[in-house]
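For reference, final32.cif is printed below; it contains mmCIF, C-alpha atoms.
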data_query
loop_
_atom_site.label_atom_id
_atom_site.label_comp_id
_atom_site.auth_asym_id
_atom_site.auth_seq_id
_atom_site.Cartn_x
_atom_site.Cartn_y
_atom_site.Cartn_z
CA MET A 1 14.37 -19.75 36.78
CA SER A 2 16.54 -17.18 34.99
CA ALA A 3 15.31 -14.09 33.17
CA ARG A 4 16.37 -15.81 29.95
CA THR A 5 13.89 -18.63 30.53
CA GLY A 6 11.24 -16.59 32.36
CA PRO A 7 7.66 -16.38 31.08
CA ASP A 8 8.04 -12.89 29.56
CA ALA A 9 11.16 -13.79 27.59
CA VAL A 10 9.71 -17.07 26.38
CA MET A 11 6.33 -15.64 25.40
CA ALA A 12 8.05 -12.82 23.50
CA GLU A 13 8.91 -15.44 20.89
CA ARG A 14 5.26 -16.19 20.11
CA GLY A 15 4.76 -13.68 17.30
CA ARG A 16 7.91 -14.80 15.47
CA LEU A 17 6.97 -18.46 15.87
CA THR A 18 3.46 -17.82 14.57
CA GLY A 19 4.89 -16.05 11.53
CA LEU A 20 7.22 -18.95 10.87
CA ALA A 21 4.49 -21.57 11.29
CA TYR A 22 2.04 -19.65 9.08
CA ARG A 23 4.55 -19.52 6.25
CA LEU A 24 5.25 -23.22 6.67
CA LEU A 25 1.60 -24.33 6.83
CA GLY A 26 -0.38 -21.70 4.91
CA SER A 27 -3.01 -21.75 7.65
CA LEU A 28 -3.18 -19.35 10.57
CA ALA A 29 -5.33 -21.76 12.59
CA GLU A 30 -2.87 -24.62 12.08
CA ALA A 31 0.04 -22.28 12.80
CA GLU A 32 -1.49 -21.22 16.11
CA ASP A 33 -2.06 -24.87 17.04
CA ALA A 34 1.56 -25.75 16.21
CA VAL A 35 2.91 -22.88 18.29
CA GLN A 36 0.62 -23.78 21.16
CA GLU A 37 1.93 -27.35 21.07
CA ALA A 38 5.53 -26.07 21.08
CA TYR A 39 4.80 -24.02 24.20
CA ALA A 40 3.06 -26.97 25.83
CA ARG A 41 6.25 -29.00 25.36
CA TRP A 42 8.35 -26.17 26.80
CA TYR A 43 6.24 -25.88 29.92
CA ALA A 44 6.30 -29.66 30.31
CA LEU A 45 10.04 -29.35 31.01
CA SER A 46 11.21 -29.02 34.58
CA PRO A 47 12.78 -25.68 35.68
CA ASP A 48 16.21 -27.33 35.65
CA GLN A 49 15.67 -28.61 32.11
CA GLN A 50 14.57 -25.14 30.97
CA ASP A 51 17.61 -23.48 32.58
CA ALA A 52 19.89 -25.94 30.79
CA ILE A 53 18.70 -24.65 27.39
CA ASP A 54 20.99 -21.88 26.13
CA SER A 55 18.42 -20.30 23.80
CA PRO A 56 14.72 -20.88 24.48
CA GLY A 57 13.90 -19.13 21.20
CA ALA A 58 16.04 -21.55 19.20
CA TRP A 59 14.59 -24.50 21.12
CA LEU A 60 11.03 -23.35 20.44
CA THR A 61 11.87 -22.74 16.77
CA THR A 62 13.23 -26.26 16.43
CA VAL A 63 10.21 -27.82 18.11
CA ALA A 64 7.67 -25.71 16.21
CA SER A 65 9.39 -26.45 12.88
CA ARG A 66 9.36 -30.18 13.54
CA ILE A 67 5.68 -30.03 14.49
CA CYS A 68 5.01 -28.19 11.22
CA LEU A 69 6.92 -30.85 9.29
CA ASP A 70 4.63 -33.49 10.79
CA VAL A 71 1.54 -31.42 9.98
CA LEU A 72 2.69 -30.91 6.39
CA GLY A 73 3.12 -34.65 6.00
CA SER A 74 -0.52 -35.28 6.85
CA ALA A 75 -1.89 -32.09 5.27
CA ARG A 76 -1.21 -33.27 1.73
CA ALA A 77 -3.58 -36.22 2.15
CA ARG A 78 -6.24 -34.01 3.78
CA ARG A 79 -6.04 -31.47 0.97
CA GLU A 80 -6.40 -34.16 -1.66
CA ARG A 81 -9.82 -34.91 -0.10
CA TYR A 82 -10.74 -31.21 0.06
CA VAL A 83 -13.86 -30.17 -1.84
CA GLY A 84 -12.80 -27.94 -4.72
CA GLN A 85 -9.60 -25.90 -4.73
CA TRP A 86 -7.47 -25.39 -1.60
CA ILE A 87 -5.99 -21.90 -1.14
CA PRO A 88 -3.81 -20.78 1.78
CA GLU A 89 -5.67 -18.88 4.48
CA PRO A 90 -5.53 -15.12 3.75
CA LEU A 91 -4.06 -12.74 6.30
CA PRO A 92 -6.02 -9.55 6.98
CA GLU A 93 -2.93 -7.36 7.14
CA GLN A 94 0.80 -7.45 6.73
CA THR A 95 2.62 -8.10 9.99
CA GLU A 96 6.38 -7.91 10.42
CA TRP A 97 6.68 -11.08 12.52
CA SER A 98 10.41 -11.47 12.12
CA SER A 99 13.58 -10.08 10.66
CA SER A 100 16.64 -11.71 9.18
CA ARG A 101 19.20 -12.70 11.74
CA PRO A 102 22.44 -10.66 12.03
CA GLY A 103 25.10 -11.70 9.57
CA ALA A 104 22.75 -13.69 7.34
CA ASP A 105 23.77 -13.74 3.69
CA PRO A 106 21.17 -11.68 1.80
CA ALA A 107 21.81 -13.49 -1.51
CA ASP A 108 18.72 -15.26 -2.84
CA ARG A 109 16.68 -14.08 0.13
CA VAL A 110 12.93 -13.90 -0.09
CA THR A 111 11.80 -10.73 1.67
CA LEU A 112 9.32 -10.88 4.52
CA ASP A 113 6.76 -9.03 2.41
CA GLU A 114 7.10 -11.53 -0.43
CA SER A 115 7.04 -14.53 1.87
CA VAL A 116 3.45 -13.92 2.98
CA SER A 117 2.09 -12.99 -0.45
CA MET A 118 -0.56 -15.34 -1.74
CA ALA A 119 1.46 -16.00 -4.91
CA PHE A 120 4.45 -17.16 -2.86
CA LEU A 121 2.36 -19.31 -0.51
CA VAL A 122 0.72 -21.02 -3.47
CA VAL A 123 4.16 -21.89 -4.87
CA LEU A 124 5.13 -23.33 -1.47
CA GLU A 125 2.15 -25.69 -1.72
CA GLN A 126 3.83 -27.33 -4.71
CA MET A 127 6.97 -28.18 -2.73
CA THR A 128 7.78 -31.16 -0.58
CA PRO A 129 7.61 -30.50 3.19
CA ALA A 130 11.42 -30.65 3.40
CA GLU A 131 11.87 -28.12 0.58
CA ARG A 132 9.32 -25.81 2.09
CA VAL A 133 10.77 -25.88 5.60
CA THR A 134 14.34 -25.47 4.36
CA LEU A 135 13.49 -22.51 2.13
CA ILE A 136 11.55 -20.67 4.83
CA LEU A 137 14.06 -21.29 7.62
CA HIS A 138 17.10 -20.38 5.52
CA ASP A 139 15.98 -17.83 2.94
CA VAL A 140 13.32 -16.02 4.95
CA PHE A 141 14.38 -16.39 8.60
CA GLY A 142 18.12 -16.50 8.00
CA TYR A 143 19.06 -19.79 9.66
CA SER A 144 22.29 -21.36 8.46
CA PHE A 145 22.14 -24.67 6.62
CA ALA A 146 23.83 -26.27 9.62
CA GLU A 147 21.03 -25.00 11.87
CA VAL A 148 18.37 -26.09 9.37
CA GLY A 149 20.01 -29.51 9.28
CA GLU A 150 19.75 -29.79 13.05
CA ILE A 151 16.05 -28.98 12.85
CA THR A 152 15.19 -31.24 9.92
CA GLY A 153 17.58 -34.11 10.65
CA ARG A 154 19.47 -33.65 7.37
CA THR A 155 23.05 -32.74 6.51
CA PRO A 156 23.87 -29.10 5.68
CA ALA A 157 24.72 -30.19 2.13
CA ALA A 158 21.33 -31.85 1.73
CA CYS A 159 19.61 -28.71 3.04
CA ARG A 160 21.57 -26.56 0.60
CA GLN A 161 20.36 -28.77 -2.24
CA LEU A 162 16.75 -28.63 -1.00
CA ALA A 163 16.92 -24.83 -0.90
CA SER A 164 18.35 -24.72 -4.42
CA VAL A 165 15.52 -26.87 -5.76
CA ALA A 166 12.95 -24.77 -3.89
CA ARG A 167 14.36 -21.52 -5.31
CA ARG A 168 14.12 -22.89 -8.84
CA ARG A 169 10.47 -23.69 -8.19
CA VAL A 170 9.90 -20.12 -7.01
CA ARG A 171 11.69 -18.56 -9.98
CA GLY A 172 9.89 -20.83 -12.43
CA SER A 173 6.41 -20.22 -11.01
CA ARG A 174 6.42 -16.52 -10.17
CA PRO A 175 6.86 -13.84 -12.84
CA ARG A 176 8.18 -10.51 -11.66
CA PRO A 177 5.30 -8.62 -10.00
CA ALA A 178 4.28 -5.09 -10.90
CA PRO A 179 5.34 -2.27 -8.53
CA ALA A 180 3.14 -1.98 -5.43
CA GLY A 181 1.66 1.35 -6.49
CA ARG A 182 0.66 -0.02 -9.87
CA GLN A 183 -0.84 -3.09 -8.23
CA ALA A 184 -3.03 -0.86 -6.06
CA ASP A 185 -4.17 1.16 -9.09
CA LEU A 186 -5.13 -1.96 -11.04
CA VAL A 187 -7.02 -3.51 -8.12
CA ARG A 188 -8.90 -0.24 -7.62
CA ASP A 189 -9.75 -0.07 -11.33
CA PHE A 190 -10.90 -3.69 -11.21
CA LYS A 191 -13.17 -2.89 -8.25
CA ARG A 192 -14.73 0.07 -10.06
CA ALA A 193 -15.26 -1.90 -13.27
CA TRP A 194 -16.77 -4.75 -11.29
CA GLU A 195 -19.19 -2.43 -9.48
CA ALA A 196 -20.17 -0.88 -12.83
CA ARG A 197 -20.61 -4.35 -14.44
CA ASP A 198 -18.33 -3.00 -17.21
CA ILE A 199 -17.33 -6.18 -19.07
CA GLY A 200 -15.08 -4.33 -21.50
CA ALA A 201 -13.16 -2.57 -18.73
CA LEU A 202 -12.76 -5.82 -16.80
CA VAL A 203 -11.41 -7.61 -19.88
CA GLY A 204 -8.94 -4.78 -20.42
CA LEU A 205 -7.55 -5.14 -16.90
CA LEU A 206 -7.12 -8.91 -17.14
CA ASP A 207 -4.38 -10.81 -18.92
CA PRO A 208 -5.92 -12.84 -21.79
CA ASP A 209 -4.78 -16.02 -20.00
CA ALA A 210 -5.77 -14.89 -16.50
CA THR A 211 -7.12 -17.43 -14.01
CA VAL A 212 -9.52 -17.28 -11.08
CA ILE A 213 -9.21 -19.95 -8.39
CA ALA A 214 -11.93 -20.10 -5.73
CA ASP A 215 -11.83 -21.87 -2.37
CA GLY A 216 -15.27 -22.28 -0.85
CA GLY A 217 -14.83 -25.22 1.49
CA ASP A 218 -18.43 -26.33 1.97
CA GLN A 219 -19.72 -23.02 0.59
CA ALA A 220 -20.81 -22.43 -3.00
CA ALA A 221 -17.77 -21.64 -5.17
CA ALA A 222 -16.33 -22.54 -8.54
CA LEU A 223 -14.93 -26.05 -8.13
CA HIS A 224 -12.52 -25.62 -11.03
CA PRO A 225 -10.35 -22.67 -12.12
CA ILE A 226 -11.95 -20.14 -14.47
CA GLU A 227 -9.60 -19.24 -17.32
CA GLY A 228 -9.56 -16.42 -19.84
CA SER A 229 -10.22 -12.71 -19.47
CA GLU A 230 -13.70 -12.72 -21.05
CA GLN A 231 -14.89 -15.73 -19.04
CA ILE A 232 -13.62 -14.15 -15.82
CA ALA A 233 -15.16 -10.76 -16.61
CA ARG A 234 -18.58 -12.33 -17.17
CA TYR A 235 -18.19 -14.54 -14.09
CA VAL A 236 -17.51 -11.65 -11.71
CA ALA A 237 -20.21 -9.51 -13.30
CA ASP A 238 -22.71 -12.33 -12.76
CA LEU A 239 -21.59 -12.61 -9.14
CA ALA A 240 -22.36 -8.94 -8.59
CA ASP A 241 -25.85 -9.45 -10.05
CA LEU A 242 -26.56 -12.58 -8.01
CA ALA A 243 -25.20 -11.43 -4.66
CA PHE A 244 -27.71 -8.88 -3.38
CA GLY A 245 -26.21 -6.18 -1.18
CA LEU A 246 -22.60 -7.12 -1.90
CA THR A 247 -20.09 -4.43 -0.92
CA LEU A 248 -16.51 -4.43 -2.21
CA LEU A 249 -13.81 -2.88 -0.03
CA GLU A 250 -10.13 -2.27 -0.67
CA ARG A 251 -8.00 -4.11 1.88
CA THR A 252 -4.45 -5.37 2.24
CA VAL A 253 -4.40 -9.13 1.76
CA ASN A 254 -1.17 -10.91 2.67
CA GLY A 255 0.79 -7.71 2.31
CA GLN A 256 -0.60 -6.93 -1.16
CA PRO A 257 -3.48 -4.79 -2.50
CA GLY A 258 -6.65 -6.89 -2.43
CA LEU A 259 -10.40 -6.74 -2.07
CA ILE A 260 -12.97 -8.11 0.32
CA ALA A 261 -16.67 -8.66 -0.30
CA GLN A 262 -19.09 -8.04 2.55
CA GLN A 263 -22.78 -8.72 3.01
CA ASP A 264 -24.53 -7.06 5.95
CA GLY A 265 -21.11 -6.08 7.31
CA VAL A 266 -19.78 -9.65 7.31
CA THR A 267 -16.78 -10.60 5.17
CA VAL A 268 -17.88 -13.39 2.85
CA THR A 269 -15.00 -13.46 0.34
CA VAL A 270 -11.38 -12.30 0.27
CA PHE A 271 -9.69 -11.66 -3.08
CA ALA A 272 -5.92 -11.75 -3.55
CA PHE A 273 -4.32 -10.75 -6.86
CA GLU A 274 -1.22 -11.51 -8.87
CA ILE A 275 -0.33 -8.67 -11.23
CA THR A 276 2.43 -8.79 -13.83
CA ALA A 277 3.18 -6.81 -16.97
CA ASP A 278 0.44 -4.29 -16.15
CA ARG A 279 -2.34 -6.89 -16.15
CA ILE A 280 -4.09 -9.04 -13.55
CA THR A 281 -2.89 -12.58 -14.19
CA ARG A 282 -4.39 -14.47 -11.26
CA ILE A 283 -7.14 -13.97 -8.68
CA TRP A 284 -7.57 -16.14 -5.61
CA ALA A 285 -11.04 -15.96 -4.03
CA VAL A 286 -11.40 -17.43 -0.54
CA ARG A 287 -14.97 -18.07 0.63
CA ASN A 288 -14.39 -20.83 3.16
CA PRO A 289 -15.73 -19.29 6.42
CA ASP A 290 -13.18 -21.21 8.49
CA LYS A 291 -10.42 -19.38 6.63
CA LEU A 292 -12.13 -16.01 7.06
CA ARG A 293 -12.14 -16.20 10.87
CA PRO A 294 -9.39 -13.55 11.27
CA TRP A 295 -11.41 -11.19 9.08
CA THR A 296 -14.64 -11.54 11.08
CA GLU A 297 -12.93 -11.14 14.46
CA ARG A 298 -11.24 -7.84 13.69
#
What is this structure when it is put down as structure tokens?
Amino acid sequence: MSARTGPDAVMAERGRLTGLAYRLLGSLAEAEDAVQEAYARWYALSPDQQDAIDSPGAWLTTVASRICLDVLGSARARRERYVGQWIPEPLPEQTEWSSSRPGADPADRVTLDESVSMAFLVVLEQMTPAERVTLILHDVFGYSFAEVGEITGRTPAACRQLASVARRRVRGSRPRPAPAGRQADLVRDFKRAWEARDIGALVGLLDPDATVIADGGDQAAALHPIEGSEQIARYVADLADLAFGLTLLERTVNGQPGLIAQQDGVTVTVFAFEITADRITRIWAVRNPDKLRPWTER
């Protein structure tokens, strides 16, 4: 066994593969399962078969991506049966899992920070599996369309078209976000107004057409989106009154300023925000305990 295919070199790919799979699936648990399966297939190869592979990292990327494609195909049906709204699993902190490959064309690239934001992941949920995989592999991880074609079983021209369609979806669904510093200020002001039960201040921070989407799994949560600044302000104020001992904390959620709610030191809800034009336009509230596992194990 060469150093190139040795355990240390192969396992060094795990973080990058997990980052790729998370972006493709929107679920850290499913991403970890996909990466684990990719490694299981690697270690099922004989030493001679492993040594014959020029780039174990590329091989693992191909296998993990194909596994994710299969998962995405079945995930759509599962999510249609999901109780209430389905939101991607929130990450407790930004992690630089990868970087663009040398020589990659930066045009139309989605940055690593943007590619784990909740707003971007929600847009990905509206894409076909092929569009999603092509966009992430090419625009985020810097693979050529020829390489993406090898992974997905499509021609480079077909992959180029898929990426073009996916980019239009992104541009059409995501308004330009506010600067990071302004986002943090608005989230902090929202937290203070919420704690003070200040309906007027909450309304002033929210876009008139703002939306709250809650994902509770089998926990109590709004089954349908809540729309409108006044309705949202009264909804969150009521939550503060009903939830005894609720503590709001400022935390980074998917690389963006967010909030978490804790009761008795346990994270019970994670809030991610979309902020444009100096107002909060969208709030995603994740209450499903299965999706909060990374937050309770920190």
Neighbouring residues of Arg160 in chain A were defined as those with any atom within 10 Å, considering only C-alpha atoms; residues of the same chain fewer than 6 positions away were excluded. Please report them as a list in words.
Glu131, Thr134, Leu135, His138, Ser144, Phe145, Ala146, Val148, Gly149 and Ala166 of chain A
Write out, as a compact mmCIF listing (two decimals), in the coordinates of the input, the residues just selected, with C-alpha atoms.
# COMPACT_ATOMS: atom_id res chain seq x y z
CA GLU A 131 11.87 -28.12 0.58
CA THR A 134 14.34 -25.47 4.36
CA LEU A 135 13.49 -22.51 2.13
CA HIS A 138 17.10 -20.38 5.52
CA SER A 144 22.29 -21.36 8.46
CA PHE A 145 22.14 -24.67 6.62
CA ALA A 146 23.83 -26.27 9.62
CA VAL A 148 18.37 -26.09 9.37
CA GLY A 149 20.01 -29.51 9.28
CA ALA A 166 12.95 -24.77 -3.89
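Here the PyMOL selection byres ((chain A and resi 123) around 8) captures the residues Ala119, Phe120, Leu121, Val122, Leu124, Glu125, Gln126, Met127, Arg169, Val170, Ser173 and Arg174 of chain A.
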Which neighbours of Ile280 in chain A fall inside 12 Å, counting only C-alpha atoms, when residues of the same chain fewer than 4 positions from it are skipped, and could you give them as an MDAnalysis selection string?
chainID A and resid 175 177:178 182:190 202:212 228:229 232:233 257:258 272:276 284
Between CA of Ser46 in chain A and CA of Thr61 in chain A, distance in Å (one decimal)
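These atoms are spaced 18.9 Å apart.
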Kindly give the distance, in Å, that separates CA of Val236 in chain A and CA of Leu28 in chain A, rounded to a single decimal.
27.6 Å
Restricting the calculation to only C-alpha atoms: of A:Met11, A:Ala201, A:Leu246, A:Ala180, which residue gets closest to Leu60 in chain A?
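Once distances to Leu60 in chain A are computed over only C-alpha atoms, the minimum belongs to A:Met11.
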Report, in Å to a single decimal, how far apart CA of Arg176 in chain A and CA of Cys68 in chain A are.
29.1 Å
List the neighbours of Ile136 in chain A out to 9 Å using all atoms listed in the file; skip same-chain residues closer than 6 positions along the sequence, and give me the result as an MDAnalysis selection string.
chainID A and resid 20 23:24 110 115 142:143 163
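Residue membership of the PyMOL selection byres ((chain A and resi 249) around 8) in the shown file amounts to Thr247, Leu248, Glu250, Arg251, Leu259, Ile260, Ala261 and Gln262 of chain A.
With distances taken over all atoms listed in the file, A:Arg234 is the one residue among A:Arg234, A:Asp8, A:Arg167, A:Asp215 lying closest to Arg197 in chain A.
Residue neighbourhood of range 151-154 of chain A, excluding near-sequence residues (fewer than 5 positions): Ala58, Trp59, Thr61, Thr62, Val63, Ala64, Ser65, Arg66, Leu69, Ala130, Val133, Thr134, Leu137, Phe145, Ala146 and Cys159 of chain A, at 10 Å, using all atoms listed in the file.
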Prev. selection, C-alpha atoms, output as a PDB file, in the frame of the given file:
ATOM      1  CA  ALA A  58      16.040 -21.550  19.200  1.00  0.00           C
ATOM      2  CA  TRP A  59      14.590 -24.500  21.120  1.00  0.00           C
ATOM      3  CA  THR A  61      11.870 -22.740  16.770  1.00  0.00           C
ATOM      4  CA  THR A  62      13.230 -26.260  16.430  1.00  0.00           C
ATOM      5  CA  VAL A  63      10.210 -27.820  18.110  1.00  0.00           C
ATOM      6  CA  ALA A  64       7.670 -25.710  16.210  1.00  0.00           C
ATOM      7  CA  SER A  65       9.390 -26.450  12.880  1.00  0.00           C
ATOM      8  CA  ARG A  66       9.360 -30.180  13.540  1.00  0.00           C
ATOM      9  CA  LEU A  69       6.920 -30.850   9.290  1.00  0.00           C
ATOM     10  CA  ALA A 130      11.420 -30.650   3.400  1.00  0.00           C
ATOM     11  CA  VAL A 133      10.770 -25.880   5.600  1.00  0.00           C
ATOM     12  CA  THR A 134      14.340 -25.470   4.360  1.00  0.00           C
ATOM     13  CA  LEU A 137      14.060 -21.290   7.620  1.00  0.00           C
ATOM     14  CA  PHE A 145      22.140 -24.670   6.620  1.00  0.00           C
ATOM     15  CA  ALA A 146      23.830 -26.270   9.620  1.00  0.00           C
ATOM     16  CA  CYS A 159      19.610 -28.710   3.040  1.00  0.00           C
TER      17      CYS A 159
END
To verify the selection step, state as a short mmCIF file (atom, residue, chain, number, x, y, z; two decimals) with C-alpha atoms, in the coordinates of the input which residues the PyMOL selection byres ((chain A and resi 30-36) around 7) yields on this input.
data_model
loop_
_atom_site.label_atom_id
_atom_site.label_comp_id
_atom_site.auth_asym_id
_atom_site.auth_seq_id
_atom_site.Cartn_x
_atom_site.Cartn_y
_atom_site.Cartn_z
CA LEU A 17 6.97 -18.46 15.87
CA THR A 18 3.46 -17.82 14.57
CA ALA A 21 4.49 -21.57 11.29
CA TYR A 22 2.04 -19.65 9.08
CA LEU A 25 1.60 -24.33 6.83
CA SER A 27 -3.01 -21.75 7.65
CA LEU A 28 -3.18 -19.35 10.57
CA ALA A 29 -5.33 -21.76 12.59
CA GLU A 37 1.93 -27.35 21.07
CA ALA A 38 5.53 -26.07 21.08
CA TYR A 39 4.80 -24.02 24.20
CA ALA A 40 3.06 -26.97 25.83
CA ALA A 64 7.67 -25.71 16.21
CA ILE A 67 5.68 -30.03 14.49
CA CYS A 68 5.01 -28.19 11.22
#
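For the choices A:Ala193, A:Ala75, A:Ile87, A:Ala157, the atom-to-atom distance to Lys291 in chain A is smallest for A:Ile87 when using only C-alpha atoms.
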Return the single residue from A:Arg171, A:Thr128, A:Arg16, A:Arg293 that is closest to Val140 in chain A, with distances computed using only C-alpha atoms.
A:Arg16
So, counting all atoms listed in the file, which residue among A:Trp194, A:Tyr43, A:Phe271, A:Phe141 is closest to Ile213 in chain A?
A:Phe271
For each of A:Gln161, A:Arg41, A:Arg76, A:Gly26, take the minimum atom-to-atom distance to Pro56 in chain A, counting only C-alpha atoms, then give the residue where this is smallest.
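Looking at the shortest contact to Pro56 in chain A, the residue is A:Arg41.
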